[in-house]
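Asks: One structure, pasted below without further comment.
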Amino acid sequence: RGLHIKNAVGWNTAKDAYNNFGSNRGKSAFFNDRGNANRGRFEHGGFGGGGGNSRWVEESRDDGDWSKPTPRNERLEHELFSGSNTGINFERYDDIPVEATGHNCPHHIESFQDLDLGEIIMGNIALSRYTRPTPVQKYAIPIIKSKRDLMACAQTGSGKTAAFLLPILSQIYTEGPGEALNAAKENGKYGRRKQFPISLILAPTRELALQIYDEARKFSYRSKVRPCVVYGGADIGQQIRDLERGCHLLVATPGRLVDMMERGKIGLDYCNYLVLDEADRMLDMGFEPQIRRIVEQDTMPHKGIRHTMMFSATFPKEIQILARDFLEDYIFLAVGRVGSTSENITQKVVWVEESDKRSFLLDLLSATGKDSLTLVFVETKKGADALEDFLYREGYACTSIHGDRSQRDREEALSQFRSGKCPILVATAVAARGLDISNVKHVINFDLPSDIEEYVHRIGRTGRVGNLGLATSFFNDKNGNITKDLLDILGEAKQEIPSWLESLAYEHQHKSSTRGRSKRFAGGFGARDYRQTAAGGNAGGFAGRGRNQGGHGGARGFGGGGFGNFYTSDGYGGNYSHSQVDWWGN
């Protein structure tokens with residue numbers, strides 16, 4: 001095959017020779033991710049210049065008009081866009097509050113047609129089946145298009161990935177590779193060995209980085225822009241080889257990017273667009289030294305010269321400091337109530353002793369149905385493996401994801417979950433942020449986290465992009481430190497608050513000398529004598545708020561009570577949809 005191509009005269013002849021091979025592996029040497037023909041030449045390898053392996057070297061694709069779409073590639077188009085379902089419920093977005101602060105803030109848009117995003121972007125928006133912008137997109141796209149720095153606080157699942165990719169790529173298509181990058185080529189700094197991306201997007205986890213990369217591939221289809229992704233836990237050699245094919249837009253996790261820079265594979269000298277996505281999560285994970293090393297190094301264009309965007313679900317003091325150091329004259333965008341949860345999520349907090357959690361989980365799964373995507377959060381890796389094994393033995397198709405699983409295993413688990421092959425995913429906090437799974441119906445906090453921000457991010461896996469979702473959290477004596485914050489979150493989101501949680505919060509706030517719950521919590525989830533009055537009985541216990549009907553009713557079945565009223569009213573139905581007692585205490 002190499003000899004055929006090596007001896008071919010002219011590109012058309014080489015392409016004809018290629019067409020006879022039919023190998024997907026062979027195709028990848030000739031066509032980039034967007035189906036553009038890569039012109040190039042063969043170089044002879046080997047020691048001492050004699051013999052050895054030959055290799056195909058791509059010549060620059062940066063010449064010509066970047067704003068014009070390249071020819072279609074039906075195979076790639078099908079791969080990128082087939083079955084595209086945004087998962088966005090646009091009709092539920094109209095009442096989400098949005099506030100933009102900063103001088104000379106550009107006016108928001110109501111339609112993608114309100115701005116000149118260019119032929120390539122508009123074509124890919126249509127292929128992606130985006131009908132109209134979400135609230136964060138309405139405001140962020142014109143701000144970024146006008147080249148203003150942006151600090152955006154938006155609830156997870158709000159469509160923020162497209163909010164920064166669309167205007168950044170639109171500007172790159174309009175401006176081309178830029179004078180700086182052309183100068184780098186003339187000075188011999190740009191080439192196969194080292195890449196100088198025009199745009200850099202930092203993300204805290206490999207899962208989020210891959211999701212952003214997948215979106216970047218869609219919106220860079222039929223363009224000259226080549227996106228790449230680098231992240232830890234994967235073969236760095238393969239990532240380097242991918243980079244060497246060219247990189248204009250780079251998605252990276254901080255640790256792996258620092259590694260690539262130290263190896264001389266990435267230079268940020270001509271990075272015009274910088275995005276920090278899930279910035280609060282990156283700080284939580286201890287990435288601040290790497291982030292500062294990347295952004296504040298000498299070769300990176302300084303703030304005011306580069307165009308910088310930060311996205312975060314919360315806006316604590318640490319993020320404010322980062323924004324002050326990295327952004328210049330920025331606009332602050334708040335979509336919804338900053339740090340709060342979505343009103344699209346019905347939140348339920350139930351009292352469950354540690355020894356009863358597994359049995360109670362089976363009851364929940366039985367009521368919601370085996371086909372609904374359910375995400376179960378636990379605190380430890382060992383706990384995730386143990387719960388996965390337990391559910392498997394109980395006949396549930398499930399999988400798990402945590403930090404000790406290999407990248408391949410994690411990607412396979414996410415794929416099985418998204419497809420519904422394994423509709424139950426047991427996860428540690430590694431999966432709590434950034435994962436774009438639009439149709440998760442139920443998030444269960446088997447173990448509640450110790451801080452409220454983690455709780456907000458966990459339950460944000462459901463109720464995404466305008467859809468309805470359900471979040472159930474198991475609470476007991478171990479979770480006293482989150483009581484007050486949890487009460488505030490439930491109140492802000494207009495959720496029903498169990499009376500026992502209100503009383504517990506009151507006791508914690510006034511530092512009562514008696515820890516735990518008092519005698520006035522007789523009955524329901526709040527009963528201290530829960531095990532005597534409820535477990536396995538036909539009355540008392542689970543009804544909540546002192547109800548004394550319903551109850552556990554034997555082995556994992558809710559006797560005369562159960563899930564009825566709650567699930568009926570919210571469309572979950574199930575075997576318990578006609579129960580007489582609403583065990584949630586409504």
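By convention here, the chains of the structure tokens are called A, B, ... in the order presented, each chain's residues are numbered starting at 1, and ligands are numbered starting at 1 in the order presented.
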Which residues are close to region 347-358 of chain A, i.e. within 7 Å by only C-alpha atoms, leaving aside same-chain residues fewer than 5 positions away? Reply as number ranges by chain.

Replies: A: 470-476, 495, 525-526

Asks: Using only C-alpha atoms, which residues sit within 12 Å of Arg418 (chain A) once same-chain residues fewer than 6 positions away are excluded, as a list of chain:residue names?

Replies: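 Near Arg418 (chain A), the qualifying residues are A:Asp371, A:Ser372, A:Leu373, A:Thr374, A:Leu375, A:Cys398, A:Thr399, A:Glu411, A:Glu412, A:Ile424, A:Leu425, A:Leu435, A:Asp436, A:Ile437, A:Ser438, A:Asn439, A:Val440, A:Lys441.
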
Asks: Tell me which of A:Glu79, A:Leu166, A:Val230, A:Thr134 sits closest to Leu115 (chain A), counting only C-alpha atoms.

Replies: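 Result for the nearest residue to Leu115 (chain A): A:Leu166.
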
Asks: Hey, which of A:Leu490, A:Leu501, A:Leu327, A:Ile266 ends up closest to Gly304 (chain A)? Count only C-alpha atoms.

Replies: A:Leu327

Asks: Nearest residue to Gln297 (chain A) out of A:Phe326, A:Phe390, A:Trp500, A:Trp66, using only C-alpha atoms?

Replies: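 Residue with the minimum atom-to-atom distance to Gln297 (chain A): A:Phe326.
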
Asks: I want to know what sits within 12 Å of Ala216 (chain A), based on only C-alpha atoms, with residues of the same chain fewer than 5 positions away left out; could you give that as an mmCIF file with C-alpha atoms, in the first residue's frame?

Replies:
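Result file follows (selection-v4.cif):
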data_model
loop_
_atom_site.group_PDB
_atom_site.id
_atom_site.type_symbol
_atom_site.label_atom_id
_atom_site.label_comp_id
_atom_site.auth_asym_id
_atom_site.auth_seq_id
_atom_site.Cartn_x
_atom_site.Cartn_y
_atom_site.Cartn_z
ATOM 1 C CA ASP A 33 -11.956 14.156 11.185
ATOM 2 C CA ARG A 34 -14.056 16.404 8.996
ATOM 3 C CA LEU A 80 -21.363 12.856 14.180
ATOM 4 C CA ILE A 121 -21.736 27.164 12.214
ATOM 5 C CA ASN A 124 -23.808 22.437 11.985
ATOM 6 C CA ILE A 125 -26.448 23.943 14.295
ATOM 7 C CA SER A 128 -27.333 19.131 15.596
ATOM 8 C CA THR A 161 -20.622 23.916 26.096
ATOM 9 C CA ALA A 162 -22.263 25.179 22.918
ATOM 10 C CA ALA A 163 -22.460 28.642 24.503
ATOM 11 C CA PHE A 164 -18.686 29.019 24.225
ATOM 12 C CA LEU A 165 -17.880 26.692 21.307
ATOM 13 C CA LEU A 166 -20.240 28.347 18.808
ATOM 14 C CA PRO A 167 -18.895 31.926 19.108
ATOM 15 C CA ILE A 168 -15.250 30.847 19.455
ATOM 16 C CA LEU A 169 -15.359 28.668 16.331
ATOM 17 C CA SER A 170 -17.358 31.334 14.488
ATOM 18 C CA SER A 199 -8.078 28.015 21.400
ATOM 19 C CA LEU A 200 -7.600 26.151 24.688
ATOM 20 C CA ILE A 201 -10.420 24.695 26.803
ATOM 21 C CA ALA A 209 -13.000 16.838 28.308
ATOM 22 C CA LEU A 210 -14.197 14.070 25.985
ATOM 23 C CA GLN A 211 -17.723 15.471 25.932
ATOM 24 C CA TYR A 221 -17.393 19.701 10.770
ATOM 25 C CA ARG A 222 -16.718 20.935 7.206
ATOM 26 C CA SER A 223 -14.155 23.446 8.466
ATOM 27 C CA VAL A 225 -10.259 23.659 12.258
ATOM 28 C CA ARG A 226 -8.952 20.459 13.783
ATOM 29 C CA PRO A 227 -9.914 19.794 17.439
ATOM 30 C CA CYS A 228 -7.838 17.550 19.716
ATOM 31 C CA VAL A 229 -8.198 16.299 23.271
ATOM 32 C CA HIS A 248 -6.228 24.343 16.284
ATOM 33 C CA LEU A 249 -8.629 23.824 19.209
ATOM 34 C CA LEU A 250 -7.345 21.879 22.214
ATOM 35 C CA VAL A 251 -9.473 20.420 25.017
#

Asks: Please return as a PyMOL selection string: the residues of region 293-433 of chain A that backbone DSSP assigns to alpha helix (DSSP H).

Replies: chain A and resi 293-295+317-326+357-368+381-393+407-419

Asks: So that I can see what lies close to Arg132 (chain A), please list as a compact mmCIF listing (two decimals) with C-alpha atoms, in the first residue's frame the residues with an atom at most 10 Å from it, counting only C-alpha atoms and leaving out residues fewer than 3 positions away in the same chain.

Replies:
# COMPACT_ATOMS: atom_id res chain seq x y z
CA PHE A 90 -36.87 24.24 25.18
CA ILE A 109 -30.32 37.15 21.25
CA GLU A 110 -33.54 35.20 20.85
CA SER A 111 -32.50 33.17 17.80
CA PHE A 112 -29.26 31.86 16.33
CA GLN A 113 -30.13 33.91 13.24
CA ILE A 125 -26.45 23.94 14.30
CA ARG A 129 -31.09 19.91 15.70
CA PRO A 135 -30.79 31.05 28.28
CA GLN A 137 -26.51 30.69 25.06
CA LYS A 138 -28.79 33.71 24.47

Asks: If you count only C-alpha atoms, which residues fall within 10 Å of Asp329 (chain A), apart from same-chain ones fewer than 4 positions away, as a list of chain:residue names?

Replies: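 Result of the neighbour search: A:Gly102, A:His103, A:Arg148, A:Asp149, A:Leu150, A:Lys303, A:Gly304, A:Arg324.
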
Asks: In terms of the shortest atom-to-atom distance over only C-alpha atoms, which of A:Met261, A:Leu127, A:Met310, A:Leu76 is closest to Ala154 (chain A)?

Replies: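 Going through A:Met261, A:Leu127, A:Met310, A:Leu76 one by one, the smallest distance to Ala154 (chain A) is for A:Met310.
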
Asks: Using only C-alpha atoms for the distances, tell me which of A:Glu379, A:Glu77, A:Asp116, A:Glu288 is nearest to Arg458 (chain A).

Replies: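 Closest candidate: A:Glu379.
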
Asks: Using only C-alpha atoms for the distances, tell me which of A:Thr101, A:Thr368, A:Thr314, A:Thr299 is nearest to Ile331 (chain A).

Replies: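 Closest candidate: A:Thr101.
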
Asks: DSSP on the backbone, then: every residue of region 98-236 of chain A marked strand (DSSP E), written as number ranges by chain.

Replies: A: 98-101, 150-154, 199-202, 227-230
